[in-house]
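Shown next, in C-alpha cells, is the structure this report addresses.
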Amino acid sequence: MSLPADDHKTIDARFLLHHQSAEKGGFSLDVDLTIPGKGITAIFGQSGSGKTTFLRCVAGLEKSDQGHLTINGDTWQSPSLFIPTHKRSLGYVFQESSLFQHLTAKGNLDYAIKRSAETMTKELYERVMAIMGIEAILHRYPNQLSGGERQRVAIARALLMQPRLLLMDEPLASLDVARKQEILPYLEKLHLAFDIPVLYVSHSLDEVARLADHTVVLDHGKVIAQGGLTEIFSRIDLPIRFGEDTGVVLQGKVVERDNQWHLARVAFNGGELWVRDGGDDVDQPVRIRVLARDVSLALSNHNDSSILNRLAVEIAEISSGQDESIALVRLKLGEEYIIARLTQRSLHQMQLEPGKKVWAQIKSVAIVR
Amino acid sequence: MSFSEADIAAIWLTLKLASTVTVLLLIIGTPIAWWLAKTQSWLKGPVGAVVALPLVLPPTVLGFYLLLAMGPNGFIGQLTENLGWGLLPFTFWGLVVASVFYSLPFVVQPIQNAIESLGDRPLEVAATLRAGPFDSFFTVVLPLAKSGFITAAILGFAHTVGEFGVVLMIGGNIPGETRVVSVQIYDHVEALEYAQAHALSGVMIAFSFFVLLGLYGFQRKQTSFLSPRGV
C-alpha cells in the first residue's frame, strides 16, 4: 500500500471492444491511454461515453476483443494473457451499494481481508476505520445503513484489499447532494492518506474539480482529451460542452488572511485572487474554481464596481459557446488560463480578438479543496 | 389409527426414496439451473422445455418411456447392465432414477429463479474481492439464494412423496422395495380396506399441508428480509 514514490509509474491501457447486443445498441470502445500510475485520474464523460465500460475492462469484468493493460509494470492483459478479475490486485467501488447483504459491515470487510493477497496490519485496519469513520456501524447489516454509510463501508472494503489500483465507478452518483457532501471529504482524505492510484469515473465536474489530479475525457467510446486537471478544464476547443459548469481550476496557496472582512488571498501561477475565507491556514495549498459565467471582460480597469478581483489578461483563444449567442474566451494570465463567457454581441462591440489585452472581472471564486 | 407392518414399511420406503431423490436432485439440478440462468445459448429454450416436461406430461407417459429406456433394450438398461448393476425396473434405484426425472422441474426452477434474480453483480463484487468461482458460489450465491435452494429441496421432497403413476409403471408393487405409500393406499382401496386407506391418506394430507404451510411461511419471512439495499 505504501509503494515508493516513482515518477515513472504509469498505467497503459489499450482496449478495443464492440457491443452488438440489442439493449446496448452498437456501442464501441476504442481507447489507447497512458496515464500516471499514481494520484487520482478522473475518467470523465457524459452517460453513454463508455467510461464505465472502460473501467470494467480494466477490472477484467468485461473482456475486450483486443486489449493490453499494464499497471505500473504488471501486465494484466495482452493478446496472449487475460488475468481474471479475481486474480487482479484491485479494489472496485461500484456505483450503487455493493455490500453483501447477508453479511454485516464487519463481515463485508472480513470477506476482503481474508482474500487479499496482502497481510493486514492492525495499524492499517485502524487507519482505514478512522479515515472512513465507520467503526461505530460495523455490527450493522447493509439494510440498516444509510446510502452514505454503505458507500463508506464499500470504500473501506476496497482499501482493505490493499490493491495496486483502486477503481471507483461514480461512487457518489446514487447519493443525494447532502450525502455527496458527506462522502467527498472522506475521498479527499483517502487521496492524501494512501498511495494507491485511483481511476475515478464521474460525469460530475464538481467531483472531478475537487478530486482529480489528472483527467481523461471520453466521448462516444473514444478519448478526446487527457492531461492535468487545470489544463483540461481550461480548454475551450473540446467537442463536449460543460455548459453552465464551464470553468477553470487553479492550484494555489493561501498567502494572507484578512480577518476584518473574512477574506483570504490566494496566489497562483499568474496572479492572486481574493476568496471567501474558508478557514484554510496561510501556506495551505488550495484548489480554486473560477466559472466562466462569473468572469466578464472590460477594456479598462474600473475600480468603481463591486467586483473584488480584477486581473490584467491577454486573450488567447475565442470559441463559440453552447448556443449561437454565446462565446467562450480563453484568457492567459501568467502561466495559467481562465475562461470568460460572453455574448457574441459583446465580443463584437468590444472588438475582442486573440492577442488583445483586457481586464477580467471575476465576480465569484470558490475554494473547492 | 394404527398402521400395519406393511404400512410402516411403505412409509419408511417413501421417506428413504424422497430423501435420496432430494439429495441427488440438488446435486444434479444446481448446475442445470445455473446454466439455464446464465446462458445466452439458443439451447436455453429447448433444455428448459425438456426439464419442464414432467410438469405437463401424464406420469404414465414418462413412466412408459423410462421403463423402455431402463429395459434390456433401452440405453439406460444397456448402460446399467454393462456396469454390472443389472436392470433398474422394479428396483428401488429404478424408482430413484425415475423420480429424479419426474421431480427435476420442481428443483431446477426455484434455483434458476433465485440465481436469475440475484443477477451478475454479487458475483462481480466477489470477483473484485479475489473470490474465485467456487469460493463465490459457496460464500455468496448459496447464502443469498438460500430461499431458492430450500424451496427447491422442499418441493422436490414433497413431490417425490406424492408420486404414483411413475412408481406404478417403473416399480410395480414390491413390498419393502418399491411399494411406497401412494401405492399402498391404492392396494388398501382395491382390497376395500377403507380404514387403513383413511389412515394413510390422512397422514399424506397432513404431511402435504404442513410442508406447504411451512414453505409459504418461510418464503414470506425471506421476502421481508430481502430488502433492495445491497446485493
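We label chains A, B, ... in the order they appear in the C-alpha cells, count residues from 1 in each chain, and number ligands from 1 in the order shown.
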
Contact residues around Val161 of chain B with only C-alpha atoms at 8 Å, ignoring same-chain residues under 5 positions, as a compact mmCIF listing (two decimals) with C-alpha atoms, in the first residue's frame:
# COMPACT_ATOMS: atom_id res chain seq x y z
CA THR B 14 -41.28 -43.41 0.85
CA LEU B 15 -39.15 -41.28 3.16
CA LEU B 17 -36.88 -42.60 -1.61
CA ALA B 18 -37.75 -38.92 -1.20
CA VAL B 181 -47.31 -45.02 0.49

Based on only C-alpha atoms, which of the residues in chain A come within 9 Å of chain B? I want them as a PyMOL selection string.
chain A and resi 59+61+84-94+96-102+111-113+115-117+142-145+147+150+157-158+161

For Ile154 of chain B, which residue out of B:Leu142, B:Val189, B:Leu62, B:Val21 is the nearest one, using only C-alpha atoms?
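Of the candidates, the smallest distance to Ile154 of chain B is held by B:Val21.
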
Counting only C-alpha atoms, the residue of A:Ala130, A:Val295, A:Val266, A:Ile362 that sits nearest Ala340 of chain A
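Ranked by minimum distance to Ala340 of chain A, first place goes to A:Val295.
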
Point-to-point distance in Å for atom CA of Glu207 of chain A and atom CA of Lys63 of chain A
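If I compute the distance from atom CA of Lys63 of chain A to atom CA of Glu207 of chain A, I get 28.5 Å.
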
Would you mind telling me which residue in B:Leu13, B:Leu55, B:Ile76, B:Ala152 lies nearest to Tyr102 of chain B when using only C-alpha atoms?
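Of B:Leu13, B:Leu55, B:Ile76, B:Ala152, the one nearest Tyr102 of chain B, counting only C-alpha atoms, is B:Leu55.
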
Find the residues near Gly355 of chain A: any atom within 7 Å, counting only C-alpha atoms, skip ones fewer than 5 places away on the same chain, and give them as a PDB file with N, CA, C and O atoms, in the first residue's frame.
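This is the output file selection30.pdb:
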ATOM      1  N   GLU A 314      -4.596  38.500 -21.195  1.00  0.00           N
ATOM      2  CA  GLU A 314      -4.464  38.591 -22.639  1.00  0.00           C
ATOM      3  C   GLU A 314      -5.336  37.526 -23.275  1.00  0.00           C
ATOM      4  O   GLU A 314      -5.343  36.376 -22.822  1.00  0.00           O
ATOM      5  N   ILE A 315      -6.091  37.908 -24.301  1.00  0.00           N
ATOM      6  CA  ILE A 315      -6.976  36.935 -24.942  1.00  0.00           C
ATOM      7  C   ILE A 315      -6.139  35.925 -25.727  1.00  0.00           C
ATOM      8  O   ILE A 315      -5.292  36.310 -26.543  1.00  0.00           O
ATOM      9  N   ALA A 316      -6.361  34.651 -25.442  1.00  0.00           N
ATOM     10  CA  ALA A 316      -5.571  33.613 -26.103  1.00  0.00           C
ATOM     11  C   ALA A 316      -6.358  32.942 -27.218  1.00  0.00           C
ATOM     12  O   ALA A 316      -5.812  32.559 -28.245  1.00  0.00           O
TER      13      ALA A 316
END

Residues near Ile338 of chain A, anyone? I mean within 8 Å using only C-alpha atoms, not counting same-chain ones fewer than 6 positions away, as an NGL selection string.
:A and (234 or 247-248 or 290 or 292 or 330-332)

Closest of B:Arg179, B:His188, B:Lys38, B:Lys16 to Asp120 of chain B - atom-to-atom distances counting only C-alpha atoms
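Checking each candidate against Asp120 of chain B, we get B:Lys38 as the closest.
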
Best match for closeness to Pro58 of chain B among B:Ile115, B:Gly86, B:Gly165, B:Lys44, counting only C-alpha atoms
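Among the listed residues, B:Gly165 lies closest to Pro58 of chain B.
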
One-decimal distance in Å that lies between atom CA of Phe164 of chain B and atom CA of Leu83 of chain B
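These two atoms are separated by 28.7 Å.
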
Using DSSP on the backbone, list every residue of segment 133-348 of chain A that comes out as strand (DSSP E or B), and give them as a PyMOL selection string.
chain A and resi 165-169+198-202+214-219+222-228+247-258+263-268+271-276+285-291+295-298+309-320+326-333+336-343

Shell of 6 Å around Val198 of chain A, only C-alpha atoms, local chain residues under 6 positions omitted, as a VMD selection string:
chain A and resid 40 166 to 167

Residues of the last selection are to be written out with N, CA, C and O atoms, as a short mmCIF file (atom, residue, chain, number, x, y, z; two decimals), in the first residue's frame.
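Full text of out-v2.cif as output:
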data_model
loop_
_atom_site.label_atom_id
_atom_site.label_comp_id
_atom_site.auth_asym_id
_atom_site.auth_seq_id
_atom_site.Cartn_x
_atom_site.Cartn_y
_atom_site.Cartn_z
N ILE A 40 -5.13 10.57 -8.41
CA ILE A 40 -6.48 10.27 -8.87
C ILE A 40 -6.62 10.71 -10.32
O ILE A 40 -6.39 11.87 -10.65
N LEU A 166 -7.06 1.26 -7.48
CA LEU A 166 -8.42 1.40 -6.94
C LEU A 166 -9.32 1.97 -8.04
O LEU A 166 -9.01 2.99 -8.63
N LEU A 167 -10.41 1.27 -8.31
CA LEU A 167 -11.33 1.69 -9.36
C LEU A 167 -12.63 2.14 -8.71
O LEU A 167 -13.19 1.43 -7.89
#

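Between atom CA of Glu135 of chain A and atom CA of Val177 of chain A the interatomic distance comes to 23.8 Å.
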